[in-house]
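As stored in protein_2.cif (mmCIF, C-alpha atoms):
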data_input
loop_
_atom_site.label_atom_id
_atom_site.label_comp_id
_atom_site.auth_asym_id
_atom_site.auth_seq_id
_atom_site.Cartn_x
_atom_site.Cartn_y
_atom_site.Cartn_z
CA MET A 30 -68.53 120.97 3.74
CA THR A 31 -66.69 121.16 7.06
CA PRO A 32 -63.18 122.32 7.92
CA GLU A 33 -62.25 118.67 8.48
CA THR A 34 -62.96 117.67 4.88
CA PRO A 35 -60.23 115.08 4.16
CA GLY A 36 -57.70 115.86 1.48
CA THR A 37 -58.58 119.55 1.28
CA GLY A 38 -55.44 121.65 0.86
CA SER A 39 -54.82 125.13 2.22
CA THR A 40 -55.43 126.76 -1.17
CA VAL A 41 -58.87 125.20 -1.47
CA ARG A 42 -59.67 126.06 2.16
CA ARG A 43 -58.94 129.71 1.39
CA ILE A 44 -61.29 129.56 -1.61
CA LEU A 45 -64.01 127.85 0.45
CA LEU A 46 -63.73 130.36 3.28
CA GLY A 47 -63.68 133.28 0.85
CA SER A 48 -66.81 132.06 -0.94
CA GLN A 49 -68.66 131.61 2.35
CA LEU A 50 -67.69 135.08 3.55
CA ARG A 51 -68.85 136.53 0.22
CA ARG A 52 -72.25 134.86 0.57
CA LEU A 53 -72.61 136.11 4.13
CA ARG A 54 -71.68 139.65 3.07
CA GLU A 55 -74.10 139.66 0.13
CA ALA A 56 -76.92 138.20 2.25
CA LYS A 57 -76.46 141.04 4.73
CA GLY A 58 -76.29 143.66 1.95
CA VAL A 59 -72.83 144.89 2.98
CA SER A 60 -70.60 146.44 0.30
CA ARG A 61 -67.00 145.39 -0.16
CA GLN A 62 -65.99 148.94 0.73
CA ASP A 63 -67.81 148.80 4.08
CA ALA A 64 -66.41 145.34 4.83
CA GLY A 65 -62.91 146.60 4.06
CA TYR A 66 -63.37 149.55 6.41
CA VAL A 67 -64.16 147.22 9.33
CA ILE A 68 -60.91 145.27 8.92
CA ARG A 69 -58.83 148.32 7.95
CA ALA A 70 -58.41 147.12 4.37
CA SER A 71 -59.29 148.25 0.86
CA GLU A 72 -62.22 147.10 -1.25
CA SER A 73 -59.77 145.25 -3.51
CA LYS A 74 -58.38 143.40 -0.46
CA ILE A 75 -61.89 142.13 0.34
CA SER A 76 -62.22 141.00 -3.27
CA ARG A 77 -58.93 139.07 -3.06
CA LEU A 78 -59.97 137.50 0.26
CA GLU A 79 -63.30 136.38 -1.18
CA LEU A 80 -61.53 134.83 -4.18
CA GLY A 81 -59.13 132.96 -1.89
CA ARG A 82 -56.11 134.73 -3.39
CA VAL A 83 -54.59 135.87 -0.06
CA SER A 84 -54.36 134.45 3.45
CA PHE A 85 -56.76 135.37 6.26
CA LYS A 86 -56.08 136.83 9.70
CA GLU A 87 -58.28 135.19 12.33
CA ARG A 88 -59.09 138.60 13.82
CA ASP A 89 -60.31 139.86 10.44
CA VAL A 90 -62.54 136.80 9.99
CA GLU A 91 -64.03 137.34 13.46
CA ASP A 92 -64.66 141.05 12.75
CA LEU A 93 -66.31 140.24 9.40
CA LEU A 94 -68.53 137.58 10.99
CA THR A 95 -69.67 140.13 13.55
CA LEU A 96 -70.41 142.64 10.78
CA TYR A 97 -72.39 140.00 8.89
CA GLY A 98 -74.47 139.13 11.94
CA VAL A 99 -73.08 135.64 12.52
CA THR A 100 -73.55 135.15 16.26
CA ASP A 101 -73.89 131.38 16.60
CA PRO A 102 -70.70 130.21 18.43
CA THR A 103 -70.52 126.90 16.57
CA GLU A 104 -70.78 128.54 13.14
CA ARG A 105 -68.25 131.22 14.06
CA GLU A 106 -65.73 128.69 15.40
CA ALA A 107 -66.07 126.49 12.31
CA LEU A 108 -65.22 129.42 10.03
CA VAL A 109 -62.38 130.67 12.24
CA GLN A 110 -60.96 127.13 12.34
CA LEU A 111 -61.17 127.03 8.55
CA ALA A 112 -59.11 130.25 8.49
CA ARG A 113 -56.47 128.63 10.74
CA GLU A 114 -56.23 125.60 8.48
CA ALA A 115 -56.18 127.77 5.34
CA ASN A 116 -53.05 129.45 6.70
CA THR A 117 -51.21 126.14 7.18
CA PRO A 118 -48.45 125.89 4.55
CA GLY A 119 -48.71 122.93 2.16
CA TRP A 120 -45.79 120.55 1.58
CA TRP A 121 -44.90 122.45 -1.62
CA HIS A 122 -44.02 125.61 0.31
CA ARG A 123 -40.58 124.18 1.05
CA TYR A 124 -39.93 124.58 -2.69
CA SER A 125 -40.92 128.25 -2.59
CA ASP A 126 -37.44 129.40 -3.62
CA VAL A 127 -37.90 127.70 -7.02
CA LEU A 128 -41.69 127.86 -7.22
CA PRO A 129 -43.28 131.10 -8.51
CA ASN A 130 -46.30 132.35 -6.58
CA TRP A 131 -48.65 131.87 -9.51
CA PHE A 132 -47.69 128.18 -9.74
CA GLN A 133 -47.95 127.62 -5.98
CA THR A 134 -51.66 128.30 -6.40
CA TYR A 135 -51.90 125.61 -9.07
CA VAL A 136 -50.05 123.00 -7.00
CA GLY A 137 -52.38 123.70 -4.07
CA LEU A 138 -55.44 123.25 -6.30
CA GLU A 139 -54.02 120.12 -7.94
CA GLU A 140 -53.35 118.64 -4.49
CA SER A 141 -57.06 118.87 -3.63
CA ALA A 142 -58.61 117.96 -6.99
CA THR A 143 -60.55 114.73 -7.45
CA LEU A 144 -60.51 114.97 -11.25
CA ILE A 145 -57.73 116.44 -13.39
CA ARG A 146 -58.34 116.70 -17.13
CA THR A 147 -55.46 118.07 -19.18
CA TYR A 148 -54.51 118.67 -22.81
CA GLU A 149 -50.84 119.14 -23.68
CA LEU A 150 -49.36 120.17 -26.98
CA GLN A 151 -45.60 120.55 -26.53
CA PHE A 152 -44.60 118.30 -23.61
CA VAL A 153 -45.88 115.25 -21.79
CA PRO A 154 -47.93 116.56 -18.81
CA GLY A 155 -45.91 116.98 -15.62
CA LEU A 156 -47.91 114.36 -13.73
CA LEU A 157 -46.99 111.77 -16.37
CA GLN A 158 -43.32 112.63 -16.92
CA SER A 159 -40.57 110.12 -16.19
CA GLU A 160 -37.75 111.41 -14.00
CA GLY A 161 -35.32 111.63 -16.92
CA TYR A 162 -37.80 113.41 -19.16
CA ALA A 163 -38.77 115.82 -16.35
CA ARG A 164 -35.12 116.70 -15.78
CA ALA A 165 -34.58 117.35 -19.50
CA VAL A 166 -37.71 119.55 -19.77
CA ILE A 167 -36.79 121.52 -16.65
CA ARG A 168 -33.27 122.14 -17.95
CA LEU A 169 -34.73 123.47 -21.20
CA GLY A 170 -36.88 125.99 -19.36
CA ASN A 171 -34.24 127.01 -16.81
CA ALA A 172 -31.02 127.22 -18.80
CA GLY A 173 -29.20 129.35 -16.22
CA ALA A 174 -30.23 127.34 -13.16
CA SER A 175 -27.76 125.49 -10.96
CA ASP A 176 -27.78 121.70 -10.70
CA HIS A 177 -29.20 122.06 -7.17
CA GLU A 178 -32.12 124.16 -8.41
CA ILE A 179 -32.80 121.73 -11.25
CA GLU A 180 -32.93 118.82 -8.80
CA GLN A 181 -35.27 120.77 -6.51
CA ARG A 182 -37.64 121.33 -9.41
CA VAL A 183 -37.43 117.66 -10.41
CA GLY A 184 -38.14 116.65 -6.80
CA LEU A 185 -41.21 118.86 -6.71
CA ARG A 186 -42.55 117.33 -9.93
CA LEU A 187 -42.00 113.78 -8.70
CA GLN A 188 -43.67 114.54 -5.37
CA ARG A 189 -46.72 115.93 -7.19
CA GLN A 190 -46.94 112.60 -9.02
CA GLU A 191 -47.15 110.62 -5.77
CA ARG A 192 -50.83 111.51 -5.40
CA LEU A 193 -51.69 109.36 -8.41
CA THR A 194 -50.69 106.18 -6.56
CA GLY A 195 -51.49 107.26 -3.00
CA PRO A 196 -54.68 107.19 -0.92
CA ASN A 197 -57.61 109.25 -2.27
CA ALA A 198 -55.85 109.43 -5.62
CA PRO A 199 -57.51 111.76 -8.14
CA ARG A 200 -58.64 110.63 -11.56
CA LEU A 201 -56.28 111.90 -14.26
CA TRP A 202 -57.53 112.07 -17.84
CA ALA A 203 -54.84 113.36 -20.19
CA VAL A 204 -54.96 114.05 -23.92
CA LEU A 205 -51.52 114.41 -25.51
CA ASP A 206 -51.06 115.92 -28.92
CA GLU A 207 -48.89 113.62 -31.05
CA ALA A 208 -46.44 116.52 -31.30
CA ALA A 209 -45.62 116.11 -27.59
CA LEU A 210 -44.58 112.51 -28.26
CA ARG A 211 -42.71 113.17 -31.49
CA ARG A 212 -40.67 116.06 -30.10
CA PRO A 213 -37.29 114.59 -29.02
CA ILE A 214 -36.50 115.68 -25.47
CA GLY A 215 -33.27 114.56 -23.80
CA GLY A 216 -32.30 112.07 -26.50
CA PRO A 217 -33.48 108.59 -27.54
CA GLU A 218 -32.85 106.92 -24.17
CA VAL A 219 -34.90 109.53 -22.30
CA MET A 220 -37.72 109.25 -24.84
CA ARG A 221 -37.77 105.45 -24.60
CA GLY A 222 -38.00 105.75 -20.84
CA GLN A 223 -40.85 108.23 -21.21
CA PHE A 224 -42.83 105.97 -23.57
CA GLU A 225 -42.37 103.04 -21.19
CA HIS A 226 -43.49 105.23 -18.30
CA LEU A 227 -46.65 106.31 -20.14
CA ILE A 228 -47.52 102.69 -20.91
CA GLU A 229 -47.11 101.78 -17.23
CA MET A 230 -49.11 104.81 -16.04
CA SER A 231 -51.94 103.91 -18.42
CA LYS A 232 -52.39 100.67 -16.45
CA LEU A 233 -53.45 102.57 -13.32
CA PRO A 234 -57.23 102.38 -12.81
CA ASN A 235 -57.45 106.14 -12.17
CA VAL A 236 -55.40 107.22 -15.21
CA THR A 237 -56.70 107.59 -18.77
CA ILE A 238 -54.33 108.62 -21.58
CA GLN A 239 -55.30 109.46 -25.16
CA VAL A 240 -53.33 110.77 -28.12
CA MET A 241 -54.61 113.35 -30.60
CA PRO A 242 -52.95 112.10 -33.82
CA PHE A 243 -51.53 114.32 -36.56
CA ARG A 244 -53.74 112.63 -39.13
CA PHE A 245 -56.85 114.09 -37.53
CA GLY A 246 -55.81 117.58 -38.65
CA GLY A 247 -57.30 120.61 -36.89
CA HIS A 248 -59.14 119.97 -33.63
CA ALA A 249 -61.11 121.60 -30.81
CA ALA A 250 -58.15 122.77 -28.69
CA GLU A 251 -57.01 125.49 -31.06
CA GLY A 252 -56.14 127.74 -28.11
CA GLY A 253 -53.37 125.45 -26.84
CA ALA A 254 -52.71 123.53 -23.63
CA PHE A 255 -55.05 123.74 -20.62
CA THR A 256 -56.06 121.84 -17.50
CA ILE A 257 -59.48 121.53 -15.83
CA LEU A 258 -59.59 120.79 -12.10
CA ARG A 259 -62.65 119.47 -10.23
CA PHE A 260 -62.98 119.31 -6.44
CA PRO A 261 -65.01 117.20 -3.99
CA GLU A 262 -66.65 120.25 -2.41
CA GLN A 263 -69.94 121.16 -4.10
CA ASP A 264 -69.33 124.78 -3.12
CA LEU A 265 -66.36 125.00 -5.48
CA PRO A 266 -66.65 125.46 -9.24
CA ASP A 267 -64.33 123.72 -11.68
CA VAL A 268 -61.17 125.74 -12.35
CA VAL A 269 -59.45 126.02 -15.74
CA TYR A 270 -55.69 126.57 -15.59
CA VAL A 271 -53.97 128.13 -18.62
CA GLU A 272 -50.23 128.76 -18.36
CA ASN A 273 -48.02 131.19 -20.26
CA LEU A 274 -44.32 132.11 -20.10
CA THR A 275 -44.62 134.52 -17.18
CA GLY A 276 -47.74 133.45 -15.29
CA ALA A 277 -51.10 131.75 -15.57
CA MET A 278 -54.83 132.36 -15.73
CA TYR A 279 -57.29 130.68 -13.38
CA LEU A 280 -60.79 130.70 -14.87
CA ASP A 281 -63.85 129.72 -12.83
CA LYS A 282 -66.71 131.63 -14.45
CA ARG A 283 -69.33 129.20 -15.69
CA ASP A 284 -69.22 130.37 -19.32
CA ASP A 285 -65.42 130.11 -19.48
CA VAL A 286 -65.34 126.69 -17.85
CA ASP A 287 -68.10 125.39 -20.14
CA THR A 288 -66.14 126.46 -23.22
CA TYR A 289 -63.09 124.51 -22.10
CA LEU A 290 -65.18 121.52 -21.01
CA GLN A 291 -66.76 121.36 -24.45
CA ALA A 292 -63.31 121.51 -26.08
CA MET A 293 -62.06 118.74 -23.79
CA GLU A 294 -65.07 116.52 -24.52
CA ARG A 295 -64.53 117.00 -28.24
CA LEU A 296 -60.83 116.18 -27.89
CA CYS A 297 -61.63 112.94 -26.05
CA VAL A 298 -64.12 111.89 -28.72
CA ASP A 299 -61.77 112.70 -31.61
CA SER A 300 -58.53 111.33 -30.12
CA ALA A 301 -57.29 107.75 -30.29
CA THR A 302 -58.97 105.54 -27.71
CA PRO A 303 -56.97 104.62 -24.58
CA GLU A 304 -56.42 101.12 -26.02
CA ARG A 305 -55.23 102.47 -29.37
CA THR A 306 -53.05 105.00 -27.53
CA VAL A 307 -51.12 102.18 -25.81
CA GLU A 308 -50.55 100.63 -29.24
CA LEU A 309 -49.27 103.97 -30.58
CA LEU A 310 -46.92 104.29 -27.61
CA GLY A 311 -45.63 100.80 -28.30
CA ASP A 312 -45.00 101.75 -31.93
CA LEU A 313 -43.09 104.87 -30.85
CA LEU A 314 -41.06 102.84 -28.39
CA ARG A 315 -39.98 100.44 -31.13
CA GLU A 316 -39.16 103.32 -33.49
CA THR A 317 -36.96 105.19 -30.98
#
In structure tokens, how does this file's structure come out?
Amino acid sequence: MTPETPGTGSTVRRILLGSQLRRLREAKGVSRQDAGYVIRASESKISRLELGRVSFKERDVEDLLTLYGVTDPTEREALVQLAREANTPGWWHRYSDVLPNWFQTYVGLEESATLIRTYELQFVPGLLQSEGYARAVIRLGNAGASDHEIEQRVGLRLQRQERLTGPNAPRLWAVLDEAALRRPIGGPEVMRGQFEHLIEMSKLPNVTIQVMPFRFGGHAAEGGAFTILRFPEQDLPDVVYVENLTGAMYLDKRDDVDTYLQAMERLCVDSATPERTVELLGDLLRET
């Protein structure tokens, strides 16, 4: 891994830098409390820095490197440069007035992921939504928002989708519960447009779509919707994203990730195949 790793967003750079600083601290036997003292911060601030949850000051990185005994100029400059790049705002920051902080983290991670595996129960996943469907879903969740705010949110969602057809596109593997397709959002015309969009998206070489049919009954994803993100950097673990009404959880502990990976693998085995899914979408399109 180097600071020039292509396609690495600022959020992932913060996580990479934090993990490297944690390893340096632990190798030197320095406590979080002592590290915090050196940069005039609390122990909890060091924890947040090492998790990549907050931005870095270059001076703090330099002071920590000195404390950890990193004297090689090349190594120091590489890590300080990583801090500079980690502080560079991503394109999504211009939507910050409509984008909660907890979701900014997700967009930054999604922007850098090479593999996105998602299970959705209530709605079509955001990366696969047609413009009309996205607008209808966003209006449902933001009843008091102005038309301008709604269009900002729609614009953000559509810009996120551009990665799927751009250079270094990630692989997207989505499992949709049949309920997400049967739930009428925005009226028949919007739903027809959404089914057509899903059929077109399924033709992309980097996109796999499966449907978990009602007839299967109970299945592995009893806990609800979730997304698993994988990154090109070997230093970074997979991250599981689980959203709720007021925030989200980001899970990266091996045991947690493994549980969700097992559920996702089971879902993919039990769901309709990608080929059968296109047939089901065609049936829904004709029924609508």
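When only C-alpha atoms are used to compute distances to A:Ser300, the closest of the residues A:Leu280, A:Gly252, A:Tyr270, A:Ala203 turns out to be A:Ala203.
Reported to one decimal place, the separation of atom CA of A:Arg105 from atom CA of A:Gln62 is 22.3 Å.
Proximity to A:Val269 was assessed for A:Asn197, A:Gln133, A:Thr237, A:Thr147 counting all atoms listed in the file; the smallest distance is recorded for A:Thr147.
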Among A:Leu45, A:Leu201, A:Leu94, A:Ala174, A:Lys57 is approached most closely, using only C-alpha atoms, by A:Leu94
Between A:Ile179, A:Leu169, A:Ile145, A:Met230, smallest distance to A:Leu290 by all atoms listed in the file belongs to A:Ile145
#### Entry: the PyMOL selection byres ((chain A and resi 258) around 8) resolved against shown file, as a ChimeraX atom specification
/A:138-139,142-146,256-257,259-260,267-270
Export of the given selection (C-alpha atoms) as an mmCIF file, in the frame of the given file:
data_model
loop_
_atom_site.group_PDB
_atom_site.id
_atom_site.type_symbol
_atom_site.label_atom_id
_atom_site.label_comp_id
_atom_site.auth_asym_id
_atom_site.auth_seq_id
_atom_site.Cartn_x
_atom_site.Cartn_y
_atom_site.Cartn_z
ATOM 1 C CA LEU A 138 -55.440 123.250 -6.300
ATOM 2 C CA GLU A 139 -54.020 120.120 -7.940
ATOM 3 C CA ALA A 142 -58.610 117.960 -6.990
ATOM 4 C CA THR A 143 -60.550 114.730 -7.450
ATOM 5 C CA LEU A 144 -60.510 114.970 -11.250
ATOM 6 C CA ILE A 145 -57.730 116.440 -13.390
ATOM 7 C CA ARG A 146 -58.340 116.700 -17.130
ATOM 8 C CA THR A 256 -56.060 121.840 -17.500
ATOM 9 C CA ILE A 257 -59.480 121.530 -15.830
ATOM 10 C CA ARG A 259 -62.650 119.470 -10.230
ATOM 11 C CA PHE A 260 -62.980 119.310 -6.440
ATOM 12 C CA ASP A 267 -64.330 123.720 -11.680
ATOM 13 C CA VAL A 268 -61.170 125.740 -12.350
ATOM 14 C CA VAL A 269 -59.450 126.020 -15.740
ATOM 15 C CA TYR A 270 -55.690 126.570 -15.590
#
TODO: Quick one: everything within 9 Å of A:Gln110, counting all atoms listed in the file, minus sequence neighbours fewer than 4 positions away in the same chain. Send it as a count of residues only.
DONE: 6
Find the residues around A:His122 up to 12 Å (all atoms listed in the file counted), leave out those fewer than 2 positions away in its own chain, and share them as a PDB file with C-alpha atoms, in the frame of the given file.
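Heads up, here's the output in selection35.pdb:
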ATOM      1  CA  SER A  39     -54.820 125.130   2.220  1.00  0.00           C
ATOM      2  CA  THR A  40     -55.430 126.760  -1.170  1.00  0.00           C
ATOM      3  CA  ASN A 116     -53.050 129.450   6.700  1.00  0.00           C
ATOM      4  CA  THR A 117     -51.210 126.140   7.180  1.00  0.00           C
ATOM      5  CA  PRO A 118     -48.450 125.890   4.550  1.00  0.00           C
ATOM      6  CA  GLY A 119     -48.710 122.930   2.160  1.00  0.00           C
ATOM      7  CA  TRP A 120     -45.790 120.550   1.580  1.00  0.00           C
ATOM      8  CA  TYR A 124     -39.930 124.580  -2.690  1.00  0.00           C
ATOM      9  CA  SER A 125     -40.920 128.250  -2.590  1.00  0.00           C
ATOM     10  CA  ASP A 126     -37.440 129.400  -3.620  1.00  0.00           C
ATOM     11  CA  VAL A 127     -37.900 127.700  -7.020  1.00  0.00           C
ATOM     12  CA  LEU A 128     -41.690 127.860  -7.220  1.00  0.00           C
ATOM     13  CA  PRO A 129     -43.280 131.100  -8.510  1.00  0.00           C
ATOM     14  CA  ASN A 130     -46.300 132.350  -6.580  1.00  0.00           C
ATOM     15  CA  PHE A 132     -47.690 128.180  -9.740  1.00  0.00           C
ATOM     16  CA  GLN A 133     -47.950 127.620  -5.980  1.00  0.00           C
ATOM     17  CA  THR A 134     -51.660 128.300  -6.400  1.00  0.00           C
ATOM     18  CA  VAL A 136     -50.050 123.000  -7.000  1.00  0.00           C
ATOM     19  CA  GLY A 137     -52.380 123.700  -4.070  1.00  0.00           C
ATOM     20  CA  LEU A 185     -41.210 118.860  -6.710  1.00  0.00           C
TER      21      LEU A 185
END
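Residue nearest A:Pro266, chosen from A:Val219, A:Ile44, A:Val59, A:Leu50 and counting all atoms listed in the file: A:Ile44.
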In terms of all atoms listed in the file, the residue from A:Tyr97, A:Phe85, A:Tyr148, A:Trp121 at minimal distance from A:Val240 is A:Tyr148
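For the atom pair formed by atom CA of A:Ala112 and atom CA of A:Gly58, the distance is 22.8 Å, given to one decimal.
Residues lying at most 8 Å from (-62.4, 142.4, 0.3) in file coordinates, with all atoms listed in the file considered, are Arg61, Gln62, Ala64, Gly65, Ala70, Ser71, Glu72, Ser73, Lys74, Ile75, Ser76, Arg77, Leu78 and Glu79 of chain A.
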task = Give me the result of the PyMOL selection byres ((chain A and resi 308-316) around 10) on this file, residue by residue, as number ranges by chain.
result = A: 207, 210-211, 217, 220-228, 239-240, 242, 301-307, 317
Export of prior selection with C-alpha atoms as a short mmCIF file (atom, residue, chain, number, x, y, z; two decimals), in the coordinates of the input:
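Saved to result_5.cif:
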data_model
loop_
_atom_site.label_atom_id
_atom_site.label_comp_id
_atom_site.auth_asym_id
_atom_site.auth_seq_id
_atom_site.Cartn_x
_atom_site.Cartn_y
_atom_site.Cartn_z
CA GLU A 207 -48.89 113.62 -31.05
CA LEU A 210 -44.58 112.51 -28.26
CA ARG A 211 -42.71 113.17 -31.49
CA PRO A 217 -33.48 108.59 -27.54
CA MET A 220 -37.72 109.25 -24.84
CA ARG A 221 -37.77 105.45 -24.60
CA GLY A 222 -38.00 105.75 -20.84
CA GLN A 223 -40.85 108.23 -21.21
CA PHE A 224 -42.83 105.97 -23.57
CA GLU A 225 -42.37 103.04 -21.19
CA HIS A 226 -43.49 105.23 -18.30
CA LEU A 227 -46.65 106.31 -20.14
CA ILE A 228 -47.52 102.69 -20.91
CA GLN A 239 -55.30 109.46 -25.16
CA VAL A 240 -53.33 110.77 -28.12
CA PRO A 242 -52.95 112.10 -33.82
CA ALA A 301 -57.29 107.75 -30.29
CA THR A 302 -58.97 105.54 -27.71
CA PRO A 303 -56.97 104.62 -24.58
CA GLU A 304 -56.42 101.12 -26.02
CA ARG A 305 -55.23 102.47 -29.37
CA THR A 306 -53.05 105.00 -27.53
CA VAL A 307 -51.12 102.18 -25.81
CA THR A 317 -36.96 105.19 -30.98
#
**Message:** For stretch 98-102 of chain A, find every residue with an atom within 9 Å (counting all atoms listed in the file), except residues of its own chain fewer than 5 positions away, and show them as an MDAnalysis selection string.
**Reply:** chainID A and resid 53 57 93 107
Residues just named, written with C-alpha atoms as an mmCIF file, in the frame of the given file:
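Everything below was put into part35.cif:
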data_model
loop_
_atom_site.group_PDB
_atom_site.id
_atom_site.type_symbol
_atom_site.label_atom_id
_atom_site.label_comp_id
_atom_site.auth_asym_id
_atom_site.auth_seq_id
_atom_site.Cartn_x
_atom_site.Cartn_y
_atom_site.Cartn_z
ATOM 1 C CA LEU A 53 -72.610 136.110 4.130
ATOM 2 C CA LYS A 57 -76.460 141.040 4.730
ATOM 3 C CA LEU A 93 -66.310 140.240 9.400
ATOM 4 C CA ALA A 107 -66.070 126.490 12.310
#
Near A:Ser48, counting all atoms listed in the file, which residues have an atom at most 10 Å away, once you skip same-chain residues fewer than 5 positions from it, shown as a short mmCIF file (atom, residue, chain, number, x, y, z; two decimals) with C-alpha atoms, keeping the file's coordinate frame?
data_model
loop_
_atom_site.label_atom_id
_atom_site.label_comp_id
_atom_site.auth_asym_id
_atom_site.auth_seq_id
_atom_site.Cartn_x
_atom_site.Cartn_y
_atom_site.Cartn_z
CA ARG A 42 -59.67 126.06 2.16
CA ARG A 43 -58.94 129.71 1.39
CA LEU A 53 -72.61 136.11 4.13
CA ARG A 54 -71.68 139.65 3.07
CA LEU A 78 -59.97 137.50 0.26
CA GLU A 79 -63.30 136.38 -1.18
CA LEU A 80 -61.53 134.83 -4.18
CA GLY A 81 -59.13 132.96 -1.89
CA ASP A 264 -69.33 124.78 -3.12
CA LEU A 265 -66.36 125.00 -5.48
#
So that I can see what lies close to A:Asn235, please list as a short mmCIF file (atom, residue, chain, number, x, y, z; two decimals) with C-alpha atoms, keeping the file's coordinate frame the residues with an atom at most 8 Å from it, counting all atoms listed in the file and leaving out residues fewer than 4 positions away in the same chain.
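Written file, selection-v5.cif:
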data_model
loop_
_atom_site.label_atom_id
_atom_site.label_comp_id
_atom_site.auth_asym_id
_atom_site.auth_seq_id
_atom_site.Cartn_x
_atom_site.Cartn_y
_atom_site.Cartn_z
CA LEU A 193 -51.69 109.36 -8.41
CA ALA A 198 -55.85 109.43 -5.62
CA PRO A 199 -57.51 111.76 -8.14
CA ARG A 200 -58.64 110.63 -11.56
CA LEU A 201 -56.28 111.90 -14.26
#
